[in-house]
$ cat target-v4.tsv   # TSV, C-alpha atoms
chain	number	residue	atom	x	y	z
A	1167	MET	CA	-47.60	51.64	22.77
A	1168	SER	CA	-49.10	50.80	19.37
A	1169	VAL	CA	-45.61	50.50	17.87
A	1170	TRP	CA	-44.54	47.98	20.53
A	1171	SER	CA	-47.80	46.10	20.10
A	1172	ASP	CA	-47.26	45.90	16.36
A	1173	LEU	CA	-43.66	44.76	16.90
A	1174	TYR	CA	-44.75	41.84	19.06
A	1175	ARG	CA	-47.42	40.85	16.52
A	1176	GLU	CA	-45.11	41.21	13.48
A	1177	ARG	CA	-47.31	43.94	12.02
A	1178	THR	CA	-44.64	46.57	11.42
A	1179	ASP	CA	-43.22	47.48	8.03
A	1180	PHE	CA	-40.08	49.51	8.73
A	1181	ASP	CA	-38.33	50.59	5.57
A	1182	PHE	CA	-34.94	49.00	6.25
A	1183	PRO	CA	-33.75	49.24	2.60
A	1184	ARG	CA	-34.01	53.02	2.82
A	1185	LEU	CA	-31.54	53.00	5.73
A	1186	TRP	CA	-29.02	50.61	4.18
A	1187	PRO	CA	-27.06	53.18	2.10
A	1188	ARG	CA	-26.42	55.32	5.18
A	1189	THR	CA	-25.56	52.43	7.47
A	1190	THR	CA	-23.24	51.00	4.83
A	1191	VAL	CA	-21.27	54.25	4.79
A	1192	VAL	CA	-21.12	54.21	8.61
A	1193	SER	CA	-19.92	50.59	8.67
A	1194	ILE	CA	-17.23	51.24	6.05
A	1195	LEU	CA	-15.95	54.27	7.97
A	1196	LEU	CA	-15.84	52.35	11.26
A	1197	VAL	CA	-14.01	49.42	9.64
A	1198	LEU	CA	-11.48	51.80	8.05
A	1199	VAL	CA	-10.85	53.50	11.39
A	1200	SER	CA	-10.35	50.10	13.02
A	1201	LEU	CA	-7.93	48.95	10.32
A	1202	VAL	CA	-5.91	52.17	10.49
A	1203	SER	CA	-5.58	51.83	14.25
A	1204	LEU	CA	-4.77	48.11	14.06
A	1205	VAL	CA	-1.86	48.68	11.67
A	1206	GLY	CA	-0.26	50.99	14.25
A	1207	ILE	CA	-1.25	54.46	13.02
A	1208	PRO	CA	-2.37	56.55	16.06
A	1209	LEU	CA	-5.67	58.37	15.53
A	1210	TYR	CA	-5.21	60.85	18.37
A	1211	CYS	CA	-2.47	62.01	20.73
A	1212	ASP	CA	-2.56	63.06	24.34
A	1213	ALA	CA	-0.49	65.94	25.65
A	1214	THR	CA	1.50	63.51	27.81
A	1215	ASP	CA	2.57	61.01	25.14
A	1216	SER	CA	4.48	61.03	21.87
A	1217	CYS	CA	1.73	59.40	19.77
A	1218	GLU	CA	3.69	56.16	19.69
A	1219	ARG	CA	1.25	53.44	20.63
A	1220	PRO	CA	1.23	49.73	19.80
A	1221	PRO	CA	-1.67	48.46	17.64
A	1222	LEU	CA	-3.05	46.56	20.65
A	1223	ASN	CA	-2.34	47.00	24.33
A	1224	LEU	CA	-1.42	43.38	25.06
A	1225	SER	CA	-1.28	42.18	28.65
A	1226	ILE	CA	1.72	40.42	30.15
A	1227	ASP	CA	0.06	37.10	29.30
A	1228	PHE	CA	1.02	37.75	25.68
A	1229	GLU	CA	4.32	39.61	26.02
A	1230	GLY	CA	5.61	38.11	29.26
A	1231	GLY	CA	5.89	39.69	32.70
A	1232	SER	CA	4.96	39.41	36.35
A	1233	ILE	CA	2.08	40.36	38.62
A	1234	TRP	CA	2.54	41.07	42.32
A	1235	GLU	CA	-0.32	41.35	44.79
A	1236	VAL	CA	0.50	43.13	48.04
A	1237	PRO	CA	-2.15	42.59	50.77
A	1238	SER	CA	-2.15	46.02	52.42
A	1239	ASP	CA	-4.59	48.91	52.59
A	1240	SER	CA	-1.90	51.49	53.44
A	1241	PHE	CA	0.67	50.53	50.78
A	1242	ASP	CA	-0.13	52.77	47.80
A	1243	GLU	CA	1.12	53.32	44.25
A	1244	SER	CA	3.82	55.83	45.18
A	1245	ASP	CA	5.33	53.38	47.68
A	1246	ALA	CA	5.41	50.64	45.05
A	1247	GLU	CA	7.03	52.95	42.49
A	1248	ALA	CA	9.82	53.71	44.92
A	1249	VAL	CA	10.55	49.99	45.32
A	1250	LEU	CA	10.39	49.30	41.56
A	1251	GLU	CA	12.42	52.34	40.44
A	1252	PRO	CA	15.82	50.50	40.35
A	1253	TYR	CA	14.36	47.89	37.99
A	1254	GLY	CA	13.34	50.36	35.29
A	1255	PRO	CA	10.04	51.92	34.17
A	1256	GLU	CA	8.71	48.65	32.72
A	1257	ALA	CA	8.80	46.94	36.13
A	1258	GLY	CA	5.67	48.79	37.24
A	1259	GLU	CA	3.40	49.56	34.29
A	1260	LYS	CA	0.00	49.17	35.92
A	1261	PHE	CA	-1.32	49.58	39.48
A	1262	GLN	CA	-4.77	48.56	40.57
A	1263	ARG	CA	-6.47	48.53	43.99
A	1264	VAL	CA	-8.80	45.51	44.23
A	1265	THR	CA	-10.83	43.78	46.93
A	1266	THR	CA	-10.52	40.01	47.31
A	1267	GLY	CA	-13.39	37.66	48.04
A	1268	ASP	CA	-12.66	37.71	51.78
A	1269	GLY	CA	-12.75	41.54	51.88
A	1270	ARG	CA	-9.00	42.24	51.94
A	1271	GLU	CA	-7.51	45.28	50.17
A	1272	VAL	CA	-4.82	44.26	47.69
A	1273	LEU	CA	-2.55	46.41	45.53
A	1274	ARG	CA	-2.02	44.60	42.21
A	1275	ILE	CA	1.14	45.57	40.32
A	1276	SER	CA	1.86	44.50	36.73
A	1277	GLY	CA	5.28	44.79	35.14
A	1278	ARG	CA	7.27	43.34	32.27
A	1279	VAL	CA	9.72	41.32	34.36
A	1280	ALA	CA	9.89	37.86	32.84
A	1281	ASP	CA	12.86	36.63	34.93
A	1282	VAL	CA	11.63	34.47	37.81
A	1283	GLU	CA	14.54	35.33	40.13
A	1284	THR	CA	14.10	39.08	39.60
A	1285	ALA	CA	10.35	38.76	40.18
A	1286	ALA	CA	10.98	36.92	43.48
A	1287	GLU	CA	13.47	39.60	44.56
A	1288	ILE	CA	10.94	42.34	43.85
A	1289	ALA	CA	8.27	40.45	45.82
A	1290	THR	CA	10.60	40.34	48.85
A	1291	LYS	CA	11.27	44.08	48.69
A	1292	LEU	CA	7.58	44.87	48.25
A	1293	GLY	CA	6.75	42.82	51.36
A	1294	GLU	CA	9.41	44.64	53.38
A	1295	ALA	CA	8.21	48.06	52.22
A	1296	ALA	CA	4.58	47.21	52.96
A	1297	GLU	CA	5.55	45.68	56.35
A	1298	VAL	CA	3.79	42.42	55.59
A	1299	PRO	CA	5.19	38.87	55.63
A	1300	THR	CA	7.18	38.17	52.50
A	1301	GLY	CA	5.21	35.01	51.79
A	1302	SER	CA	1.95	36.96	51.68
A	1303	VAL	CA	3.01	38.81	48.51
A	1304	THR	CA	1.87	36.56	45.67
A	1305	THR	CA	3.79	36.53	42.40
A	1306	SER	CA	2.73	35.29	38.98
A	1307	THR	CA	5.30	35.19	36.18
A	1308	VAL	CA	4.49	34.40	32.56
A	1309	GLY	CA	6.97	33.91	29.74
A	1310	PRO	CA	6.40	35.39	26.25
A	1311	SER	CA	6.17	31.93	24.66
A	1312	TRP	CA	2.90	31.25	26.48
A	1313	GLY	CA	1.32	34.33	24.90
A	1314	ASP	CA	2.55	33.26	21.48
A	1315	ASP	CA	0.85	29.89	21.94
A	1316	ILE	CA	-2.45	31.57	22.87
A	1317	THR	CA	-2.27	33.87	19.84
A	1318	ARG	CA	-1.51	31.01	17.47
A	1319	GLN	CA	-4.29	28.81	18.86
A	1320	ALA	CA	-6.81	31.66	18.72
A	1321	ARG	CA	-5.89	32.41	15.10
A	1322	THR	CA	-6.22	28.74	14.16
A	1323	SER	CA	-9.57	28.46	15.95
A	1324	LEU	CA	-10.88	31.52	14.12
A	1325	ILE	CA	-9.89	30.19	10.69
A	1326	VAL	CA	-11.36	26.72	11.34
A	1327	PHE	CA	-14.54	28.27	12.73
A	1328	LEU	CA	-15.07	30.48	9.69
A	1329	ILE	CA	-14.47	27.60	7.26
A	1330	LEU	CA	-16.88	25.24	9.02
A	1331	VAL	CA	-19.56	27.89	9.35
A	1332	ALA	CA	-19.25	28.87	5.69
A	1333	LEU	CA	-19.62	25.25	4.61
A	1334	TYR	CA	-22.64	24.71	6.86
A	1335	ILE	CA	-24.49	27.84	5.73
A	1336	ALA	CA	-23.74	27.10	2.09
A	1337	TRP	CA	-25.13	23.57	2.54
A	1338	ARG	CA	-28.10	24.45	4.75
A	1339	LEU	CA	-29.05	27.75	3.11
A	1340	GLU	CA	-27.21	29.34	0.17
A	1341	THR	CA	-23.67	30.19	-0.87
A	1342	ARG	CA	-24.45	33.90	-1.16
A	1343	MET	CA	-25.87	33.89	2.34
A	1344	ALA	CA	-22.68	32.22	3.60
A	1345	ILE	CA	-20.56	34.96	2.02
A	1346	ALA	CA	-22.65	37.73	3.55
A	1347	ALA	CA	-22.65	36.04	6.97
A	1348	LEU	CA	-18.85	35.74	7.00
A	1349	VAL	CA	-18.50	39.40	6.03
A	1350	ALA	CA	-20.78	40.32	8.94
A	1351	VAL	CA	-18.71	38.22	11.35
A	1352	LEU	CA	-15.45	39.81	10.18
A	1353	HIS	CA	-17.14	43.20	10.53
A	1354	ASP	CA	-17.95	42.44	14.19
A	1355	VAL	CA	-14.45	41.18	14.96
A	1356	LEU	CA	-12.79	44.20	13.32
A	1357	LEU	CA	-15.05	46.67	15.13
A	1358	THR	CA	-14.45	45.01	18.49
A	1359	ALA	CA	-10.69	44.86	17.95
A	1360	GLY	CA	-10.80	48.44	16.69
A	1361	VAL	CA	-12.41	49.67	19.90
A	1362	TYR	CA	-9.65	47.96	21.89
A	1363	SER	CA	-6.99	49.46	19.61
A	1364	VAL	CA	-8.33	53.02	19.45
A	1365	PHE	CA	-8.90	53.35	23.20
A	1366	GLN	CA	-5.90	51.17	24.11
A	1367	ILE	CA	-7.94	48.82	26.29
A	1368	GLN	CA	-5.78	45.99	27.52
A	1369	VAL	CA	-6.20	42.67	25.70
A	1370	THR	CA	-6.08	39.61	27.96
A	1371	PRO	CA	-6.77	35.89	27.42
A	1372	ALA	CA	-10.32	36.54	28.63
A	1373	THR	CA	-10.70	39.05	25.80
A	1374	VAL	CA	-9.65	36.42	23.25
A	1375	ILE	CA	-12.23	33.99	24.64
A	1376	ALA	CA	-14.88	36.70	24.40
A	1377	PHE	CA	-13.92	37.31	20.76
A	1378	LEU	CA	-14.61	33.68	19.90
A	1379	THR	CA	-17.91	33.84	21.80
A	1380	ILE	CA	-18.94	36.90	19.81
A	1381	LEU	CA	-18.72	34.94	16.57
A	1382	GLY	CA	-21.36	32.47	17.66
A	1383	PHE	CA	-23.86	35.12	18.74
A	1384	SER	CA	-23.40	37.19	15.59
A	1385	LEU	CA	-24.05	34.16	13.41
A	1386	TYR	CA	-27.05	33.09	15.48
A	1387	ASP	CA	-28.83	36.38	14.83
A	1388	THR	CA	-27.96	36.26	11.14
A	1389	ILE	CA	-29.16	32.67	10.72
A	1390	VAL	CA	-32.51	33.59	12.29
A	1391	VAL	CA	-32.96	36.27	9.64
A	1392	TYR	CA	-31.86	33.96	6.82
A	1393	ASP	CA	-34.24	31.20	7.89
A	1394	ARG	CA	-37.21	33.55	7.71
A	1395	VAL	CA	-36.02	34.96	4.37
A	1396	GLN	CA	-35.92	31.50	2.82
A	1397	GLU	CA	-39.37	30.70	4.15
A	1398	ASN	CA	-40.85	33.92	2.77
A	1399	ALA	CA	-39.02	33.59	-0.55
A	1400	ALA	CA	-40.44	30.10	-1.10
A	1401	ARG	CA	-43.96	31.30	-0.23
A	1402	PHE	CA	-44.22	34.77	-1.77
A	1403	SER	CA	-42.01	34.55	-4.85
A	1404	LYS	CA	-44.79	32.62	-6.60
A	1405	SER	CA	-46.81	35.83	-6.87
A	1406	GLY	CA	-44.22	37.34	-9.20
A	1407	ARG	CA	-44.78	40.77	-7.66
A	1408	TYR	CA	-42.24	40.95	-4.81
A	1409	THR	CA	-38.54	41.52	-5.36
A	1410	TYR	CA	-35.93	39.93	-3.10
A	1411	THR	CA	-35.45	43.32	-1.45
A	1412	ALA	CA	-39.13	43.42	-0.51
A	1413	ILE	CA	-38.98	39.88	0.86
A	1414	MET	CA	-35.91	40.74	2.93
A	1415	ARG	CA	-37.68	43.83	4.27
A	1416	ARG	CA	-40.69	41.76	5.31
A	1417	SER	CA	-38.48	39.10	6.93
A	1418	LEU	CA	-36.52	41.68	8.94
A	1419	ASN	CA	-39.75	43.18	10.25
A	1420	GLN	CA	-40.93	39.74	11.32
A	1421	VAL	CA	-37.78	38.87	13.30
A	1422	PHE	CA	-36.90	42.38	14.48
A	1423	MET	CA	-38.59	42.03	17.86
A	1424	ARG	CA	-37.02	38.62	18.41
A	1425	SER	CA	-33.55	39.99	17.69
A	1426	LEU	CA	-34.17	42.98	19.95
A	1427	ASN	CA	-35.39	40.81	22.81
A	1428	THR	CA	-32.49	38.37	22.46
A	1429	THR	CA	-29.96	41.20	22.52
A	1430	LEU	CA	-31.50	42.92	25.53
A	1431	VAL	CA	-31.80	39.70	27.53
A	1432	THR	CA	-28.15	38.92	26.77
A	1433	VAL	CA	-26.71	42.41	27.25
A	1434	ILE	CA	-28.33	43.15	30.61
A	1435	PRO	CA	-26.61	40.34	32.61
A	1436	ILE	CA	-23.30	41.04	30.84
A	1437	LEU	CA	-23.58	44.72	31.76
A	1438	VAL	CA	-24.32	43.77	35.37
A	1439	MET	CA	-21.35	41.39	35.35
A	1440	TYR	CA	-19.09	44.17	34.09
A	1441	VAL	CA	-20.27	46.76	36.62
A	1442	VAL	CA	-20.42	44.47	39.66
A	1443	GLY	CA	-17.51	42.17	38.86
A	1444	SER	CA	-15.05	44.69	37.50
A	1445	GLN	CA	-15.96	48.04	39.00
A	1446	VAL	CA	-17.27	46.95	42.42
A	1447	PHE	CA	-15.19	43.88	43.29
A	1448	GLY	CA	-12.21	44.63	41.05
A	1449	GLN	CA	-12.21	41.27	39.26
A	1450	GLN	CA	-10.20	42.11	36.17
A	1451	THR	CA	-10.93	38.84	34.39
A	1452	LEU	CA	-14.69	39.42	34.58
A	1453	GLY	CA	-14.21	42.97	33.34
A	1454	ASP	CA	-12.12	41.94	30.34
A	1455	PHE	CA	-14.52	39.16	29.36
A	1456	SER	CA	-17.74	41.14	29.78
A	1457	LEU	CA	-16.47	44.29	28.05
A	1458	ALA	CA	-15.51	42.40	24.89
A	1459	LEU	CA	-18.85	40.56	24.93
A	1460	LEU	CA	-20.77	43.81	25.38
A	1461	ILE	CA	-19.13	45.43	22.36
A	1462	GLY	CA	-19.45	42.32	20.22
A	1463	LEU	CA	-23.11	41.62	21.04
A	1464	VAL	CA	-24.24	45.12	20.08
A	1465	SER	CA	-22.15	44.95	16.90
A	1466	GLY	CA	-23.55	41.49	16.08
A	1467	THR	CA	-27.16	42.64	16.28
A	1468	TYR	CA	-26.34	45.65	14.13
A	1469	SER	CA	-24.48	43.62	11.51
A	1470	SER	CA	-27.25	41.04	11.07
A	1471	ILE	CA	-29.66	43.80	9.95
A	1472	PHE	CA	-27.38	46.40	8.37
A	1473	VAL	CA	-24.44	44.35	7.04
A	1474	ALA	CA	-25.48	40.76	6.28
A	1475	ALA	CA	-28.99	41.63	5.04
A	1476	PRO	CA	-28.06	44.37	2.50
A	1477	LEU	CA	-25.07	42.38	1.24
A	1478	THR	CA	-27.29	39.34	0.72
A	1479	VAL	CA	-29.82	41.46	-1.15
A	1480	TRP	CA	-27.07	42.96	-3.31
A	1481	LEU	CA	-25.85	39.49	-4.27
A	1482	LYS	CA	-29.30	37.92	-4.78
A	1483	GLU	CA	-30.76	40.74	-6.87
A	1484	ARG	CA	-28.08	40.00	-9.47
A	1485	GLU	CA	-29.35	36.46	-10.00
A	1486	PRO	CA	-31.21	35.99	-13.32
A	1487	ARG	CA	-34.39	34.96	-11.51
A	1488	TRP	CA	-34.71	38.17	-9.51
A	1489	ARG	CA	-33.31	40.37	-12.26
A	1490	ASP	CA	-36.01	39.11	-14.64
A	1491	LEU	CA	-38.67	39.71	-11.99
A	1492	ARG	CA	-37.68	43.38	-11.71
A	1493	ALA	CA	-37.77	43.67	-15.50
A	1494	ARG	CA	-41.30	42.19	-15.64
A	1495	LEU	CA	-42.51	44.58	-12.94
A	1496	ALA	CA	-41.11	47.55	-14.84
A	1497	ALA	CA	-42.68	46.27	-18.09
A	1498	ARG	CA	-46.11	46.13	-16.39
A	1499	GLY	CA	-45.73	49.75	-15.33
A	1500	GLU	CA	-45.00	48.97	-11.67
A	1501	ASP	CA	-42.16	50.40	-9.63
A	1502	PRO	CA	-39.59	47.65	-8.79
A	1503	SER	CA	-38.08	49.82	-6.07
A	1504	ASP	CA	-41.37	49.81	-4.14
A	1505	THR	CA	-40.67	47.35	-1.31
A	1506	ALA	CA	-43.73	48.10	0.84
A	1507	TRP	CA	-45.72	45.05	1.93
A	1508	TYR	CA	-49.28	44.89	0.64
A	1509	GLY	CA	-50.05	41.29	1.52
A	1510	VAL	CA	-50.18	37.97	-0.28
A	1511	SER	CA	-52.99	35.45	-0.01
A	1512	SER	CA	-52.42	31.85	0.95
A	1513	SER	CA	-52.50	30.86	-2.72
A	1514	GLY	CA	-49.63	33.20	-3.51
A	1515	ALA	CA	-51.67	35.85	-5.33
A	1516	VAL	CA	-51.12	39.51	-4.54
A	1517	THR	CA	-54.22	40.86	-2.84
A	1518	GLY	CA	-53.66	44.57	-2.63
A	1519	ARG	CA	-50.54	45.87	-4.37
A	1520	PRO	CA	-51.32	49.08	-6.25
A	1521	VAL	CA	-49.82	49.56	-9.69
A	1522	ARG	CA	-47.49	52.46	-9.13
A	1523	THR	CA	-45.01	53.62	-11.72
A	1524	ALA	CA	-41.83	55.56	-11.10
A	1525	ALA	CA	-43.26	58.51	-13.03
A	1526	ALA	CA	-46.39	58.46	-10.90
A	1527	ALA	CA	-44.27	58.45	-7.75
A	1528	ARG	CA	-42.41	61.54	-8.95
A	1529	SER	CA	-45.71	63.18	-9.86
A	1530	ALA	CA	-47.08	62.46	-6.38
A	1531	SER	CA	-44.00	63.97	-4.79
A	1532	SER	CA	-44.23	67.17	-6.86
A	1533	SER	CA	-47.99	67.40	-6.27
A	1534	ALA	CA	-47.50	67.14	-2.53
A	1535	GLN	CA	-45.00	70.01	-2.64
A	1536	ASP	CA	-46.95	72.29	-5.04
A	1537	GLY	CA	-50.29	71.84	-3.32
A	1538	PRO	CA	-53.60	70.16	-4.21
A	1539	SER	CA	-54.26	69.72	-7.89
A	1540	ASP	CA	-57.62	67.95	-7.84
A	1541	GLY	CA	-59.58	70.54	-5.91
A	1542	SER	CA	-60.26	68.20	-3.03
A	1543	GLY	CA	-57.78	69.71	-0.61
A	1544	GLY	CA	-55.15	67.01	-1.12
A	1545	ALA	CA	-52.58	65.84	-3.63
A	1546	ALA	CA	-53.81	64.23	-6.81
A	1547	ALA	CA	-54.03	60.47	-6.74
A	1548	THR	CA	-51.27	58.72	-8.68
A	1549	ASP	CA	-52.02	55.04	-8.17
A	1550	VAL	CA	-53.69	53.30	-11.04
A	1551	ALA	CA	-55.61	51.13	-8.60
A	1552	ASP	CA	-56.07	51.88	-4.94
A	1553	ALA	CA	-55.30	49.15	-2.44
A	1554	PRO	CA	-58.41	47.66	-0.82
A	1555	ALA	CA	-59.19	48.29	2.82
A	1556	THR	CA	-57.09	46.40	5.30
A	1557	ARG	CA	-57.46	45.18	8.81
A	1558	SER	CA	-55.00	46.53	11.36
A	1559	GLY	CA	-51.78	44.65	10.66
A	1560	ALA	CA	-53.51	42.01	8.52
A	1561	ASP	CA	-53.66	41.28	4.80
A	1562	PRO	CA	-56.07	43.37	2.71
A	1563	VAL	CA	-59.72	42.46	2.96
A	1564	ILE	CA	-60.99	41.14	-0.38
A	1565	PRO	CA	-64.78	40.93	-0.70
A	1566	PRO	CA	-66.12	37.66	-2.08
A	1567	ARG	CA	-66.99	37.53	-5.74
A	1568	PRO	CA	-70.78	37.63	-6.25
A	1569	ARG	CA	-72.34	34.53	-7.72
A	1570	LYS	CA	-74.44	34.66	-10.88
A	1571	ARG	CA	-78.13	34.10	-10.43
A	1572	ARG	CA	-79.68	31.19	-12.26
A	1573	ARG	CA	-82.65	31.93	-14.46
$ encode --input "target-v4.tsv" --output "structure tokens"
Amino acid sequence: MSVWSDLYRERTDFDFPRLWPRTTVVSILLVLVSLVSLVGIPLYCDATDSCERPPLNLSIDFEGGSIWEVPSDSFDESDAEAVLEPYGPEAGEKFQRVTTGDGREVLRISGRVADVETAAEIATKLGEAAEVPTGSVTTSTVGPSWGDDITRQARTSLIVFLILVALYIAWRLETRMAIAALVAVLHDVLLTAGVYSVFQIQVTPATVIAFLTILGFSLYDTIVVYDRVQENAARFSKSGRYTYTAIMRRSLNQVFMRSLNTTLVTVIPILVMYVVGSQVFGQQTLGDFSLALLIGLVSGTYSSIFVAAPLTVWLKEREPRWRDLRARLAARGEDPSDTAWYGVSSSGAVTGRPVRTAAAARSASSSAQDGPSDGSGGAAATDVADAPATRSGADPVIPPRPRKRRR
């Protein structure tokens, strides 16, 4: 419970920079897997197929086709296949039993039949085989040009969105932050599309809408982090003792609980929508929309901490200002890689950072492994100056300077 209490009070100091090398490797591997699958190279093969899969399993809304809905609880998939057999294997690619809003059982059949006359003929034969009125079998036919229009508009929207966001972040914050934010957004889009490609989940117009929604949430979480980073950089950089990596670490700890809460509050209703809407009531549109959102939201939270943040640090630490700061710390005998937070007073002065050199850190590590060297039952002290006592989660307590007595 103390960890959760510290999270809510922004008193944690998780060492995020220590995790960044590992998470970077994981992100690169996941992006590579997604790209390999998206270019059409199958990553696995089932015993029933020939490993020939399209990069994305596009619905008939993109490639053209028809959907028939037969209102019958006794008409099953085998009966429908017998009716569709003369029209080829593509006439009946997907069968799904769904329940309508009024409680009726409906067999939904999807096939790549773009000809309106052929689709109407199939609807008539399905009604006769199911022994229901022909007019009760609903038919929806979509031409391939409509899917091309959706794809083109989605691509244009994505490009315009990225350009506008990059310009806004560069104007409101910094150019390097804009670059890192765009990389994080592309990371989320590639991972989400990669999941759909690897597992051959069908892509529908609702999926495309969810993709565009993902972009906004991913950027929202990243902007929250950036806003706190700028605030801390303006306040704590005056001390001349904290690198940009340390400031980013502190900022992430301060907004970590907010990001976690925002993600949980958003994911829970989407998960309920997916389970109830798609699995219980068979509403395919809700399922397609919520599944893409679920994948993208989790990826967006991850990327704001483990993609955008380390990339921003990598770019900022190469600026002359922060490079000179690391050099000054090393010249004073301090360890620039020490990103722990010791506290800064309101005037900007460091109030408890111990002077710890890289050699002393190595000595402490070897002393801890070899055993006590000072005869006190513990490892030898390596800090030149110990940090003063601290309150729980607060800045170090500095006793007031005694006044001189007048004679």
$ residues_near_point --input "target-v4.tsv" --point "(7.3, 48.0, 53.5)" --cutoff "12 Å" --atoms "all atoms listed in the file" --output "count of residues only"
26
$ residues_around --input "target-v4.tsv" --residues "A:Phe1377" --least-positions-apart "3" --cutoff "8 Å" --atoms "only C-alpha atoms" --output "PyMOL selection string"
chain A and resi 1355+1373-1374+1380-1381+1458-1459+1462
$ write_last_selection --input "target-v4.tsv" --atoms "C-alpha atoms" --output "PDB file, in the coordinates of the input"
ATOM      1  CA  VAL A1355     -14.450  41.180  14.960  1.00  0.00           C
ATOM      2  CA  THR A1373     -10.700  39.050  25.800  1.00  0.00           C
ATOM      3  CA  VAL A1374      -9.650  36.420  23.250  1.00  0.00           C
ATOM      4  CA  ILE A1380     -18.940  36.900  19.810  1.00  0.00           C
ATOM      5  CA  LEU A1381     -18.720  34.940  16.570  1.00  0.00           C
ATOM      6  CA  ALA A1458     -15.510  42.400  24.890  1.00  0.00           C
ATOM      7  CA  LEU A1459     -18.850  40.560  24.930  1.00  0.00           C
ATOM      8  CA  GLY A1462     -19.450  42.320  20.220  1.00  0.00           C
TER       9      GLY A1462
END
$ closest_residue --input "target-v4.tsv" --among "A:Ile1471, A:Ile1461, A:Ala1286, A:Val1199" --to "A:Phe1422" --atoms "only C-alpha atoms"
A:Ile1471
$ atom_distance --input "target-v4.tsv" --atom1 "atom CA of A:Ala1497" --atom2 "atom CA of A:Gly1406"
12.7 Å
$ closest_residue --input "target-v4.tsv" --among "A:Val1205, A:Glu1483, A:Arg1416, A:Leu1460" --to "A:Phe1180" --atoms "only C-alpha atoms"
A:Arg1416
$ residues_around --input "target-v4.tsv" --residues "A:Lys1482" --least-positions-apart "4" --cutoff "8 Å" --atoms "all atoms listed in the file" --output "number ranges by chain"
A: 1342, 1410, 1478, 1488
$ closest_residue --input "target-v4.tsv" --among "A:Ser1311, A:Ser1203, A:Ser1168, A:Thr1178" --to "A:Gly1230" --atoms "all atoms listed in the file"
A:Ser1311
$ residues_around --input "target-v4.tsv" --residues "stretch 1334-1340 of chain A" --least-positions-apart "4" --cutoff "9 Å" --atoms "all atoms listed in the file" --output "VMD selection string"
chain A and resid 1329 to 1330 1344 to 1345 1347 1389 1392 to 1393 1396
$ closest_residue --input "target-v4.tsv" --among "A:Ala1257, A:Ala1474, A:Leu1481, A:Val1191" --to "A:Ala1350" --atoms "all atoms listed in the file"
A:Ala1474
$ atom_distance --input "target-v4.tsv" --atom1 "atom CA of A:Tyr1408" --atom2 "atom CA of A:Leu1348"
26.7 Å
$ closest_residue --input "target-v4.tsv" --among "A:Thr1388, A:Ser1306, A:Gln1368, A:Ser1363" --to "A:Val1349" --atoms "only C-alpha atoms"
A:Thr1388
$ atom_distance --input "target-v4.tsv" --atom1 "atom CA of A:Arg1278" --atom2 "atom CA of A:Arg1263"
18.8 Å
$ closest_residue --input "target-v4.tsv" --among "A:Trp1170, A:Ser1469, A:Asn1419, A:Ser1405" --to "A:Leu1495" --atoms "only C-alpha atoms"
A:Ser1405
$ residues_around --input "target-v4.tsv" --residues "stretch 1218-1224 of chain A" --least-positions-apart "3" --cutoff "9 Å" --atoms "all atoms listed in the file" --output "list in words"
Ser1203, Leu1204, Val1205, Gly1206, Ile1207, Pro1208, Cys1211, Asp1215, Asp1227, Phe1228, Glu1229, Ala1359, Gly1360, Tyr1362, Ser1363, Val1364, Gln1366, Ile1367, Gln1368, Val1369 and Thr1370 of chain A
$ residues_near_point --input "target-v4.tsv" --point "(-34.9, 39.5, 0.2)" --cutoff "8 Å" --atoms "only C-alpha atoms" --output "PDB file with C-alpha atoms, in the frame of the given file"
ATOM      1  CA  VAL A1395     -36.020  34.960   4.370  1.00  0.00           C
ATOM      2  CA  ALA A1399     -39.020  33.590  -0.550  1.00  0.00           C
ATOM      3  CA  THR A1409     -38.540  41.520  -5.360  1.00  0.00           C
ATOM      4  CA  TYR A1410     -35.930  39.930  -3.100  1.00  0.00           C
ATOM      5  CA  THR A1411     -35.450  43.320  -1.450  1.00  0.00           C
ATOM      6  CA  ALA A1412     -39.130  43.420  -0.510  1.00  0.00           C
ATOM      7  CA  ILE A1413     -38.980  39.880   0.860  1.00  0.00           C
ATOM      8  CA  MET A1414     -35.910  40.740   2.930  1.00  0.00           C
ATOM      9  CA  ARG A1415     -37.680  43.830   4.270  1.00  0.00           C
ATOM     10  CA  SER A1417     -38.480  39.100   6.930  1.00  0.00           C
ATOM     11  CA  ALA A1475     -28.990  41.630   5.040  1.00  0.00           C
ATOM     12  CA  THR A1478     -27.290  39.340   0.720  1.00  0.00           C
ATOM     13  CA  VAL A1479     -29.820  41.460  -1.150  1.00  0.00           C
ATOM     14  CA  LYS A1482     -29.300  37.920  -4.780  1.00  0.00           C
TER      15      LYS A1482
END
